[in-house]
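Structure file coords-v9.csv with CSV, C-alpha atoms and all ligand atoms:
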chain,number,residue,atom,x,y,z
A,1,MET,CA,79.0,3.4,79.5
A,2,ILE,CA,78.2,2.8,83.2
A,3,PRO,CA,75.0,4.7,84.1
A,4,LEU,CA,75.4,7.2,87.0
A,5,GLN,CA,71.6,7.8,87.1
A,6,ILE,CA,68.9,5.3,87.6
A,7,ALA,CA,65.1,5.7,87.0
A,8,ALA,CA,63.5,5.6,90.4
A,9,SER,CA,60.2,6.1,92.1
A,10,THR,CA,59.3,6.5,95.8
A,11,PRO,CA,56.3,7.7,97.8
A,12,SER,CA,58.6,10.2,99.5
A,13,ALA,CA,58.1,13.8,98.5
A,14,ASP,CA,61.5,15.1,99.6
A,15,PRO,CA,64.9,14.1,98.3
A,16,PHE,CA,66.9,11.7,100.4
A,17,ILE,CA,70.1,9.6,100.6
A,18,ALA,CA,69.9,5.8,100.7
A,19,ARG,CA,72.4,3.0,100.8
A,20,LEU,CA,71.3,-0.1,98.9
A,21,ASN,CA,71.7,-3.4,100.7
A,22,SER,CA,71.2,-6.9,99.4
A,23,GLU,CA,73.0,-10.1,100.3
A,24,GLY,CA,76.3,-9.3,98.5
A,25,ARG,CA,78.8,-6.5,98.8
A,26,ALA,CA,76.6,-4.5,101.1
A,27,PHE,CA,76.8,-7.2,103.8
A,28,GLU,CA,80.6,-6.6,103.9
A,29,LEU,CA,80.0,-2.8,104.0
A,30,GLU,CA,77.6,-3.2,106.9
A,31,ARG,CA,80.4,-4.8,108.9
A,32,THR,CA,82.9,-2.1,108.0
A,33,ASN,CA,81.0,1.1,108.8
A,34,GLY,CA,77.9,0.0,110.6
A,35,ARG,CA,74.2,0.1,109.9
A,36,THR,CA,72.6,3.5,109.6
A,37,PRO,CA,69.1,5.0,109.1
A,38,PHE,CA,70.1,5.5,105.5
A,39,ASP,CA,70.3,1.7,104.8
A,40,VAL,CA,67.5,0.2,102.8
A,41,ASP,CA,67.2,-3.5,102.3
A,42,LEU,CA,66.3,-5.3,99.1
A,43,GLU,CA,62.8,-6.6,99.4
A,44,LEU,CA,61.8,-7.6,95.9
A,45,VAL,CA,63.5,-8.4,92.5
A,46,GLY,CA,60.7,-8.0,89.9
A,47,SER,CA,60.7,-7.8,86.2
A,48,GLY,CA,62.9,-4.8,85.4
A,49,LYS,CA,62.6,-3.4,88.9
A,50,LEU,CA,64.2,-3.7,92.4
A,51,VAL,CA,62.3,-2.7,95.5
A,52,TYR,CA,64.2,-1.5,98.6
A,53,ARG,CA,62.7,-0.7,102.0
A,54,SER,CA,63.5,0.5,105.5
A,55,ALA,CA,61.3,1.6,108.3
A,56,SER,CA,61.0,5.1,106.7
A,57,ILE,CA,62.0,4.7,103.1
A,58,GLU,CA,60.5,2.8,100.1
A,59,LEU,CA,62.4,3.0,96.9
A,60,GLU,CA,61.9,1.3,93.5
A,61,LEU,CA,64.7,1.3,90.9
A,62,LYS,CA,64.1,0.4,87.3
A,63,SER,CA,66.2,-1.4,84.7
A,64,VAL,CA,69.2,-2.1,86.8
A,65,ASP,CA,71.0,-5.3,87.9
A,66,VAL,CA,71.0,-5.8,91.7
A,67,ASN,CA,74.6,-6.8,91.7
A,68,ASP,CA,75.7,-3.6,89.9
A,69,VAL,CA,74.3,-1.3,92.6
A,70,ASP,CA,74.7,-3.4,95.7
A,71,GLY,CA,76.2,-1.1,98.4
A,72,ASP,CA,75.8,2.0,96.3
A,73,VAL,CA,74.9,5.3,98.0
A,74,VAL,CA,72.3,7.1,96.0
A,75,PHE,CA,70.7,10.6,96.1
A,76,VAL,CA,67.0,10.1,95.2
A,77,ASN,CA,65.3,13.1,93.6
A,78,PRO,CA,61.6,12.2,93.7
A,79,ALA,CA,60.5,15.2,91.6
A,80,ARG,CA,62.8,14.0,88.7
A,81,GLY,CA,62.3,10.3,89.3
A,82,ILE,CA,66.1,9.7,89.4
A,83,ALA,CA,68.5,8.1,91.8
A,84,HIS,CA,72.0,9.6,91.4
A,85,ARG,CA,74.7,7.1,92.2
A,86,LEU,CA,76.9,9.4,94.4
A,87,VAL,CA,79.1,6.6,95.7
A,88,ARG,CA,79.3,3.4,93.6
A,89,ALA,CA,80.6,0.7,96.0
A,90,GLY,CA,82.4,-1.2,93.3
A,91,SER,CA,84.2,1.8,91.9
A,92,ALA,CA,87.4,3.8,92.7
A,93,HIS,CA,86.0,6.7,90.7
A,94,ASN,CA,83.4,8.5,92.8
A,95,THR,CA,83.3,12.3,92.6
A,96,PHE,CA,81.0,14.9,94.2
A,97,LEU,CA,80.1,17.7,91.8
A,98,ILE,CA,79.9,20.6,94.3
A,99,THR,CA,78.8,23.2,91.8
A,100,GLU,CA,78.6,23.9,88.1
A,101,ARG,CA,79.6,27.6,88.6
A,102,CYS,CA,83.2,28.6,87.8
A,103,ASP,CA,85.0,31.9,87.6
A,104,GLN,CA,87.3,30.7,84.7
A,105,LEU,CA,86.3,29.7,81.2
A,106,CYS,CA,89.0,27.2,80.0
A,107,VAL,CA,89.4,26.7,76.3
A,108,MET,CA,89.3,22.9,76.8
A,109,CYS,CA,86.8,22.7,79.6
A,110,SER,CA,85.1,19.3,79.5
A,111,GLN,CA,82.1,20.6,81.5
A,112,PRO,CA,81.4,24.2,80.7
A,113,PRO,CA,80.1,26.2,83.6
A,114,LYS,CA,76.5,27.1,84.3
A,115,ARG,CA,75.1,29.9,86.4
A,116,GLY,CA,72.7,27.9,88.6
A,117,HIS,CA,73.8,26.3,91.9
A,118,VAL,CA,72.0,23.9,94.2
A,119,ASP,CA,73.5,23.4,97.6
A,120,MET,CA,74.1,19.6,98.0
A,121,PHE,CA,76.6,19.7,100.9
A,122,PRO,CA,74.2,18.0,103.4
A,123,TYR,CA,73.6,15.2,101.0
A,124,PHE,CA,77.3,14.9,100.1
A,125,GLU,CA,78.2,14.7,103.7
A,126,ALA,CA,75.7,11.9,104.4
A,127,ALA,CA,76.9,10.0,101.3
A,128,ALA,CA,80.5,10.4,102.2
A,129,LEU,CA,79.9,9.0,105.7
A,130,LEU,CA,78.4,5.9,104.1
A,131,ALA,CA,81.2,5.3,101.6
A,132,PRO,CA,83.1,1.9,101.6
A,133,LYS,CA,86.0,1.6,103.9
A,134,GLY,CA,89.2,3.3,102.6
A,135,ALA,CA,87.5,5.1,99.8
A,136,VAL,CA,89.1,8.1,98.1
A,137,LEU,CA,86.4,10.5,97.1
A,138,GLY,CA,86.8,13.2,94.4
A,139,VAL,CA,85.5,16.7,94.8
A,140,SER,CA,85.0,18.7,91.6
A,141,GLY,CA,83.0,21.3,89.8
A,142,GLY,CA,82.8,24.0,88.4
A,143,GLU,CA,84.9,25.5,91.0
A,144,PRO,CA,84.3,23.9,94.5
A,145,THR,CA,86.2,26.7,96.4
A,146,LEU,CA,83.6,29.2,95.3
A,147,PHE,CA,81.8,27.6,98.3
A,148,LYS,CA,84.9,27.2,100.5
A,149,GLY,CA,83.0,28.4,103.5
A,150,GLN,CA,81.0,25.1,103.3
A,151,LEU,CA,83.6,23.0,101.6
A,152,LEU,CA,86.4,23.2,104.2
A,153,PRO,CA,84.1,22.4,107.2
A,154,PHE,CA,82.6,19.6,105.2
A,155,LEU,CA,86.0,18.0,104.6
A,156,GLU,CA,87.0,18.4,108.2
A,157,ARG,CA,83.8,16.9,109.6
A,158,VAL,CA,83.8,13.9,107.3
A,159,LEU,CA,87.5,13.2,107.8
A,160,GLY,CA,87.0,13.6,111.5
A,161,GLN,CA,84.3,11.0,111.6
A,162,ARG,CA,85.8,8.6,109.0
A,163,PRO,CA,89.5,8.2,109.6
A,164,ASP,CA,89.7,5.7,106.8
A,165,LEU,CA,88.6,8.1,104.0
A,166,SER,CA,90.6,10.5,101.8
A,167,PHE,CA,89.6,13.3,99.4
A,168,HIS,CA,91.0,14.5,96.1
A,169,VAL,CA,89.8,18.1,95.5
A,170,LEU,CA,90.1,19.8,92.1
A,171,THR,CA,90.4,23.5,92.4
A,172,ASN,CA,91.7,26.4,90.3
A,173,ALA,CA,93.2,27.9,93.6
A,174,GLN,CA,91.9,31.3,92.8
A,175,HIS,CA,89.9,31.8,96.0
A,176,PHE,CA,92.2,31.0,99.0
A,177,ASP,CA,93.4,33.8,101.2
A,178,VAL,CA,95.4,34.0,104.4
A,179,ASP,CA,92.2,33.6,106.5
A,180,ASP,CA,91.9,30.1,105.1
A,181,VAL,CA,95.3,28.9,106.4
A,182,ARG,CA,93.9,27.8,109.8
A,183,ALA,CA,91.0,25.8,108.3
A,184,LEU,CA,93.3,24.2,105.6
A,185,SER,CA,95.9,23.3,108.2
A,186,ARG,CA,93.3,21.4,110.2
A,187,LEU,CA,92.8,19.0,107.4
A,188,PRO,CA,95.1,15.9,107.6
A,189,ARG,CA,97.8,16.4,105.1
A,190,ASP,CA,97.9,12.8,104.0
A,191,ARG,CA,94.2,12.5,103.4
A,192,VAL,CA,93.4,15.6,101.2
A,193,THR,CA,95.2,16.1,97.9
A,194,TRP,CA,94.6,19.4,96.1
A,195,GLY,CA,94.7,19.0,92.3
A,196,VAL,CA,95.5,22.4,90.8
A,197,PRO,CA,95.8,23.2,87.1
A,198,LEU,CA,98.8,25.2,85.9
A,199,TYR,CA,99.1,25.4,82.1
A,200,SER,CA,102.2,27.4,81.4
A,201,SER,CA,105.0,29.3,83.1
A,202,ASP,CA,104.1,32.3,80.9
A,203,SER,CA,101.3,34.2,82.6
A,204,GLU,CA,99.8,35.4,79.4
A,205,VAL,CA,99.5,31.8,78.0
A,206,HIS,CA,98.0,30.5,81.2
A,207,ASP,CA,95.5,33.4,81.5
A,208,GLY,CA,94.6,32.9,77.8
A,209,ILE,CA,93.9,29.2,78.4
A,210,VAL,CA,91.8,29.7,81.5
A,211,GLY,CA,90.0,32.8,80.0
A,212,LYS,CA,90.7,35.0,83.0
A,213,VAL,CA,93.1,38.0,83.1
A,214,GLY,CA,95.2,37.9,86.2
A,215,ALA,CA,94.5,34.2,86.9
A,216,PHE,CA,98.2,33.2,86.9
A,217,HIS,CA,99.1,35.7,89.6
A,218,LYS,CA,96.1,34.8,91.7
A,219,LEU,CA,97.1,31.1,91.3
A,220,ALA,CA,100.6,31.9,92.6
A,221,GLU,CA,98.9,33.4,95.7
A,222,GLY,CA,96.7,30.4,96.1
A,223,LEU,CA,99.6,28.0,95.8
A,224,ALA,CA,101.4,30.0,98.5
A,225,ILE,CA,98.4,29.6,100.8
A,226,LEU,CA,98.4,25.9,100.2
A,227,ALA,CA,102.1,25.7,100.9
A,228,ARG,CA,101.7,27.6,104.2
A,229,SER,CA,98.9,25.3,105.1
A,230,GLY,CA,101.1,22.2,104.6
A,231,ALA,CA,98.7,20.9,101.9
A,232,THR,CA,99.4,18.0,99.6
A,233,LEU,CA,99.5,19.4,96.0
A,234,GLU,CA,99.1,17.7,92.7
A,235,LEU,CA,99.8,20.1,89.8
A,236,ARG,CA,97.8,19.3,86.6
A,237,THR,CA,98.6,20.4,83.0
A,238,VAL,CA,96.4,19.6,80.1
A,239,LEU,CA,98.5,19.1,77.0
A,240,MET,CA,97.6,21.4,74.2
A,241,THR,CA,99.1,22.9,71.0
A,242,ARG,CA,99.3,26.1,73.0
A,243,ASN,CA,101.6,24.8,75.7
A,244,VAL,CA,103.3,21.7,74.5
A,245,GLU,CA,106.5,23.2,73.1
A,246,ALA,CA,107.0,25.2,76.4
A,247,LEU,CA,106.4,22.1,78.5
A,248,PRO,CA,110.1,21.8,79.4
A,249,ALA,CA,110.1,25.5,80.5
A,250,LEU,CA,107.1,24.7,82.7
A,251,ALA,CA,108.9,21.7,84.2
A,252,ARG,CA,111.8,24.0,85.2
A,253,PHE,CA,109.3,26.6,86.6
A,254,VAL,CA,107.5,24.0,88.7
A,255,ALA,CA,110.8,22.6,90.0
A,256,SER,CA,112.1,26.0,91.1
A,257,HIS,CA,108.9,27.9,92.0
A,258,VAL,CA,106.6,25.2,93.3
A,259,PRO,CA,109.0,22.8,95.1
A,260,PHE,CA,106.3,21.6,97.5
A,261,ALA,CA,104.3,20.0,94.8
A,262,THR,CA,104.3,16.2,95.4
A,263,SER,CA,103.3,15.3,91.8
A,264,TRP,CA,102.7,16.7,88.4
A,265,ALA,CA,100.1,15.2,86.1
A,266,ILE,CA,100.4,15.9,82.4
A,267,MET,CA,96.9,15.2,80.9
A,268,GLN,CA,95.6,14.5,77.5
A,269,LEU,CA,92.6,16.5,76.1
A,270,GLU,CA,89.1,15.2,76.6
A,271,ASN,CA,87.0,15.3,73.5
A,272,ILE,CA,83.8,16.8,75.0
A,273,GLY,CA,82.5,20.2,76.0
A,274,TYR,CA,84.9,23.0,74.8
A,275,GLY,CA,87.6,20.3,74.3
A,276,ARG,CA,85.5,19.0,71.4
A,277,LEU,CA,84.6,22.4,70.1
A,278,ASN,CA,88.2,23.5,70.0
A,279,TRP,CA,89.8,20.1,69.2
A,280,ALA,CA,91.2,21.0,65.8
A,281,GLU,CA,93.1,23.9,67.3
A,282,LEU,CA,94.1,22.4,70.7
A,283,PHE,CA,94.8,18.7,70.3
A,284,HIS,CA,98.4,17.7,70.3
A,285,ASP,CA,99.0,14.2,69.1
A,286,HIS,CA,101.8,13.0,71.4
A,287,SER,CA,102.0,9.7,69.6
A,288,GLN,CA,103.5,11.7,66.7
A,289,ARG,CA,105.7,14.1,68.7
A,290,PHE,CA,106.5,13.0,72.3
A,291,GLU,CA,109.8,14.9,72.5
A,292,PRO,CA,108.7,18.0,74.5
A,293,VAL,CA,106.7,15.8,76.9
A,294,GLY,CA,109.6,13.4,77.4
A,295,GLU,CA,112.0,16.3,78.0
A,296,ALA,CA,109.6,17.9,80.5
A,297,ILE,CA,109.3,14.6,82.3
A,298,ASP,CA,113.0,14.0,82.5
A,299,LEU,CA,113.6,17.5,83.8
A,300,ALA,CA,110.9,17.3,86.5
A,301,ARG,CA,112.0,13.8,87.6
A,302,SER,CA,115.6,14.9,87.8
A,303,ARG,CA,114.5,17.5,90.4
A,304,GLY,CA,112.6,14.9,92.5
A,305,LEU,CA,109.1,15.5,91.2
A,306,ASP,CA,106.8,12.5,90.5
A,307,VAL,CA,105.3,12.9,87.0
A,308,TRP,CA,102.3,11.1,85.6
A,309,LEU,CA,100.6,10.9,82.3
A,310,TYR,CA,96.9,11.0,82.7
A,311,ASN,CA,94.5,9.8,80.0
A,312,PHE,CA,97.4,8.6,77.8
A,313,PRO,CA,96.7,5.2,76.1
A,314,ARG,CA,99.8,3.2,76.9
A,315,CYS,CA,100.4,2.1,73.3
A,316,THR,CA,100.7,5.8,72.3
A,317,VAL,CA,103.6,6.4,74.8
A,318,PRO,CA,107.2,5.5,74.2
A,319,SER,CA,108.1,2.4,76.2
A,320,ASP,CA,110.5,4.3,78.5
A,321,TYR,CA,107.6,6.4,79.8
A,322,ARG,CA,104.8,3.9,79.6
A,323,GLN,CA,104.9,3.0,83.3
A,324,LEU,CA,104.0,6.6,84.0
A,325,ALA,CA,100.6,6.2,82.3
A,326,PRO,CA,98.1,4.6,84.8
A,327,PRO,CA,94.4,3.9,84.1
A,328,THR,CA,93.2,7.3,85.0
A,329,ILE,CA,90.0,7.7,83.0
A,330,SER,CA,87.0,7.1,85.3
A,331,ASP,CA,85.5,3.7,84.7
A,332,TRP,CA,82.1,5.1,83.8
A,333,LYS,CA,83.5,7.1,80.8
A,334,ARG,CA,86.3,4.8,79.7
A,335,ARG,CA,86.2,2.5,76.6
A,336,TYR,CA,88.6,0.1,74.9
A,337,PRO,CA,88.2,-0.1,71.1
A,338,ALA,CA,88.1,-3.5,69.5
A,339,GLY,CA,91.9,-3.3,68.8
A,340,CYS,CA,92.5,-3.5,72.6
A,341,ASP,CA,91.2,-7.1,72.8
A,342,GLY,CA,94.0,-9.3,74.0
A,343,CYS,CA,96.4,-6.4,74.7
A,344,ALA,CA,98.7,-7.3,77.5
A,345,GLU,CA,98.7,-3.7,78.8
A,346,LYS,CA,94.9,-3.4,79.0
A,347,ALA,CA,94.6,-3.8,82.8
A,348,GLU,CA,97.1,-1.0,83.3
A,349,CYS,CA,95.8,1.3,80.6
A,350,SER,CA,93.4,4.2,80.5
A,351,GLY,CA,92.0,3.3,77.1
A,352,LEU,CA,90.0,6.1,75.5
A,353,PHE,CA,87.3,8.4,76.7
A,354,GLU,CA,83.9,7.1,75.8
A,355,TRP,CA,83.3,10.1,73.5
A,356,HIS,CA,86.7,10.0,71.9
A,357,THR,CA,85.8,9.2,68.3
A,358,ASP,CA,88.2,7.1,66.1
A,359,ASP,CA,88.6,9.9,63.6
A,360,ARG,CA,90.0,12.2,66.3
A,361,GLY,CA,92.4,9.8,67.8
A,362,PHE,CA,96.1,9.2,68.0
A,363,THR,CA,98.1,8.5,64.8
A,364,ARG,CA,100.0,5.7,66.4
A,365,PHE,CA,97.6,3.6,68.3
A,366,GLY,CA,97.6,-0.1,69.3
A,367,LEU,CA,101.2,-0.5,68.3
A,368,LEU,CA,103.0,-1.8,71.3
B,1,LIG,S1,95.8,-1.4,72.6
B,1,LIG,FE1,94.2,-0.5,74.0
B,1,LIG,S2,94.6,-1.5,76.0
B,1,LIG,FE2,96.4,-1.8,74.8
B,1,LIG,S3,97.7,0.0,75.3
B,1,LIG,FE3,96.5,0.6,73.5
B,1,LIG,S4,94.7,1.6,74.3
B,1,LIG,FE4,95.7,0.5,76.0
Is it possible to give me this structure as structure tokens?
Amino acid sequence: MIPLQIAASTPSADPFIARLNSEGRAFELERTNGRTPFDVDLELVGSGKLVYRSASIELELKSVDVNDVDGDVVFVNPARGIAHRLVRAGSAHNTFLITERCDQLCVMCSQPPKRGHVDMFPYFEAAALLAPKGAVLGVSGGEPTLFKGQLLPFLERVLGQRPDLSFHVLTNAQHFDVDDVRALSRLPRDRVTWGVPLYSSDSEVHDGIVGKVGAFHKLAEGLAILARSGATLELRTVLMTRNVEALPALARFVASHVPFATSWAIMQLENIGYGRLNWAELFHDHSQRFEPVGEAIDLARSRGLDVWLYNFPRCTVPSDYRQLAPPTISDWKRRYPAGCDGCAEKAECSGLFEWHTDDRGFTRFGLL
């Protein structure tokens, strides 16, 4: 697994942001978005350590390859002795975790919420402005819009200063109201995509999955606000035993009630957090029974909606639908079992989550 944290030491007492520069990738970055006070230059490659320095920063990283982190933007927490890789220059999968708080409690949540919250917006903003040219940055949680008063100005400021960047924001859309339309409308439509989960067209089923009474109706209000704001919407539905048979009904619902959605992602369950705890009850093996998924896809596409299969290994998907299954699992938590060696589809395939154990997998796997 690709490490997102690196052991670090620094004489600084306060946390700070730094961009790591050596002779390689960072040189290209410097030419694309300029040198800044956050840039630190490689001074020494020692046994098991890298030393970076600028006029005001000294930073030592341990047990990491210089080429793996070149150009990365890190948040250094001296008290914990950790450098968090907020933006990995060589990756398309960079996400800012705005908060671990959430007002829902989804049965399959991969990252169950916590009560505490640390405001990282100033650091995220500095990091975003240092991101490689053309980067798409993820925003996630918890529920980021619990802090919409900071989130929306953060997006506007970054997008205003970096016209090459885009954001993908995951939200349960429970917290938008009419007063947000103006701020949402100011965000460039083509550079912010809102990823919003909708699990069923039946309000009771949806509310049961997200663990919140009234969530479905609040979601409908939130989607209406996004529509009024001209936002770009990606609907997301995690496939589960609780909703798989009614997936065609959900496709009809989306086509008629959420026509402004630009895409619909049907996602496989992640075997971690509550997803692992409730796996036996929730996991639907689509490699055994794809029919309701295929029917839903056909219905949605016939109404002009783009449909994608996220986190579906390509060999578990019937060939007619395989082109809808891109490599969506983030690089740092993706693995390819030994059976994938030599597979012609590997470059286009999600593979498996790092924590997806072989005994909890798909019945039909590796059979292209
Ligand atoms: S064998 Fe591996 S790489 Fe090939 S399609 Fe299946 S999961 Fe993907």
Q: List all protein, DNA and RNA residues that have any atom at most 12 Å from ligand LIG 1 (chain B), counting only C-alpha atoms and all ligand atoms, and write the list as a ChimeraX atom specification.
A: /A:287,311-319,322-323,325-329,334-353,356,358,361-368
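Distances to Gln5 (chain A) were evaluated for A:Ala135, A:Leu20, A:Leu159, A:Val64 using all atoms listed in the file, and the minimum falls at A:Val64.
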Q: Go ahead and compute the interatomic distance for CA of Ala83 (chain A) and CA of Cys102 (chain A), in Å to one decimal.
A: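 That distance, rounded to one decimal, is 25.5 Å.
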Q. Near Ser12 (chain A), within 8 Å and counting only C-alpha atoms, which residues show up once chain neighbours fewer than 3 positions away are dropped, as a VMD selection string?
A. chain A and resid 15 57 to 58 78
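What separates CA of Leu105 (chain A) from CA of Ser200 (chain A) is a distance of 16.1 Å.
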Quick one: residues within 10 Å of Ala55 (chain A), only C-alpha atoms counted, chain neighbours fewer than 5 positions away excluded, as a compact mmCIF listing (two decimals) with C-alpha atoms, in the coordinates of the input?
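Resulting contents of selection-v8.txt:
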# COMPACT_ATOMS: atom_id res chain seq x y z
CA PRO A 37 69.10 5.00 109.10
CA ASP A 39 70.30 1.70 104.80
CA VAL A 40 67.50 0.20 102.80
CA ASP A 41 67.20 -3.50 102.30
Q.
I'd like the neighbourhood of region 163-166 of chain A as a list of chain:residue names, where a residue qualifies if any of its atoms comes within 6 Å (using only C-alpha atoms), though same-chain residues fewer than 5 positions away should be ignored.
A.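 Everything that qualifies: A:Gly134, A:Ala135, A:Val136, A:Arg191, A:Val192.
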Now that the selection is made, can you save its residues with C-alpha atoms as a CSV table (one decimal), in the coordinates of the input?
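For reference, again_1.csv as written:
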chain,number,residue,atom,x,y,z
A,134,GLY,CA,89.2,3.3,102.6
A,135,ALA,CA,87.5,5.1,99.8
A,136,VAL,CA,89.1,8.1,98.1
A,191,ARG,CA,94.2,12.5,103.4
A,192,VAL,CA,93.4,15.6,101.2
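Comparing the minimum interatomic distances between Asp68 (chain A) and each of A:Ala265, A:Ile6, A:Leu324, A:Ala18, counting all atoms listed in the file, we find that A:Ile6 sits nearest.
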Q: Can you work out the spacing between CA of Met240 (chain A) and CA of Gln268 (chain A) in Å, to one decimal?
A: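 Going from CA of Met240 (chain A) over to CA of Gln268 (chain A), I get 7.9 Å.
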Q.
Nearest residue to Ala127 (chain A) out of A:Ile17, A:Leu184, A:Ala246, A:Leu219, using all atoms listed in the file?
A. A:Ile17
Q. If we count all atoms listed in the file, what is near Arg115 (chain A) at a cut-off of 10 Å, once residues fewer than 2 positions away on the same chain are taken out, given as a list in words?
A. Thr99, Glu100, Arg101, Cys102, Pro113, His117 and Gly142 of chain A
Residues as selected, C-alpha atoms, written as a short mmCIF file (atom, residue, chain, number, x, y, z; two decimals), keeping the file's coordinate frame, can you do that?
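Saved the output as out-v4.cif:
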data_model
loop_
_atom_site.label_atom_id
_atom_site.label_comp_id
_atom_site.auth_asym_id
_atom_site.auth_seq_id
_atom_site.Cartn_x
_atom_site.Cartn_y
_atom_site.Cartn_z
CA THR A 99 78.80 23.20 91.80
CA GLU A 100 78.60 23.90 88.10
CA ARG A 101 79.60 27.60 88.60
CA CYS A 102 83.20 28.60 87.80
CA PRO A 113 80.10 26.20 83.60
CA HIS A 117 73.80 26.30 91.90
CA GLY A 142 82.80 24.00 88.40
#
Q: Determine, counting all atoms listed in the file, which protein, DNA and RNA residues have an atom within 12 Å of an atom of Ala13 (chain A); residues of the same chain fewer than 4 positions away are not included. Present the result as a VMD selection string.
A: chain A and resid 9 57 to 59 76 to 81
Q: Would you please work out which residue, of A:Ser140, A:Asn21, A:Thr232, A:Asn172, is nearest to Val258 (chain A) when using all atoms listed in the file?
A: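 The closest residue to Val258 (chain A) is A:Thr232.
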Q. Looking at all atoms listed in the file, which of A:Thr10, A:Ser256, A:Ser330, A:Ser302 is the one that sits closest to Gly138 (chain A)?
A. A:Ser330
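Among the candidates A:Asp103, A:Glu270, A:Glu125, A:Glu245, the one nearest to Val213 (chain A) when counting all atoms listed in the file is A:Asp103.
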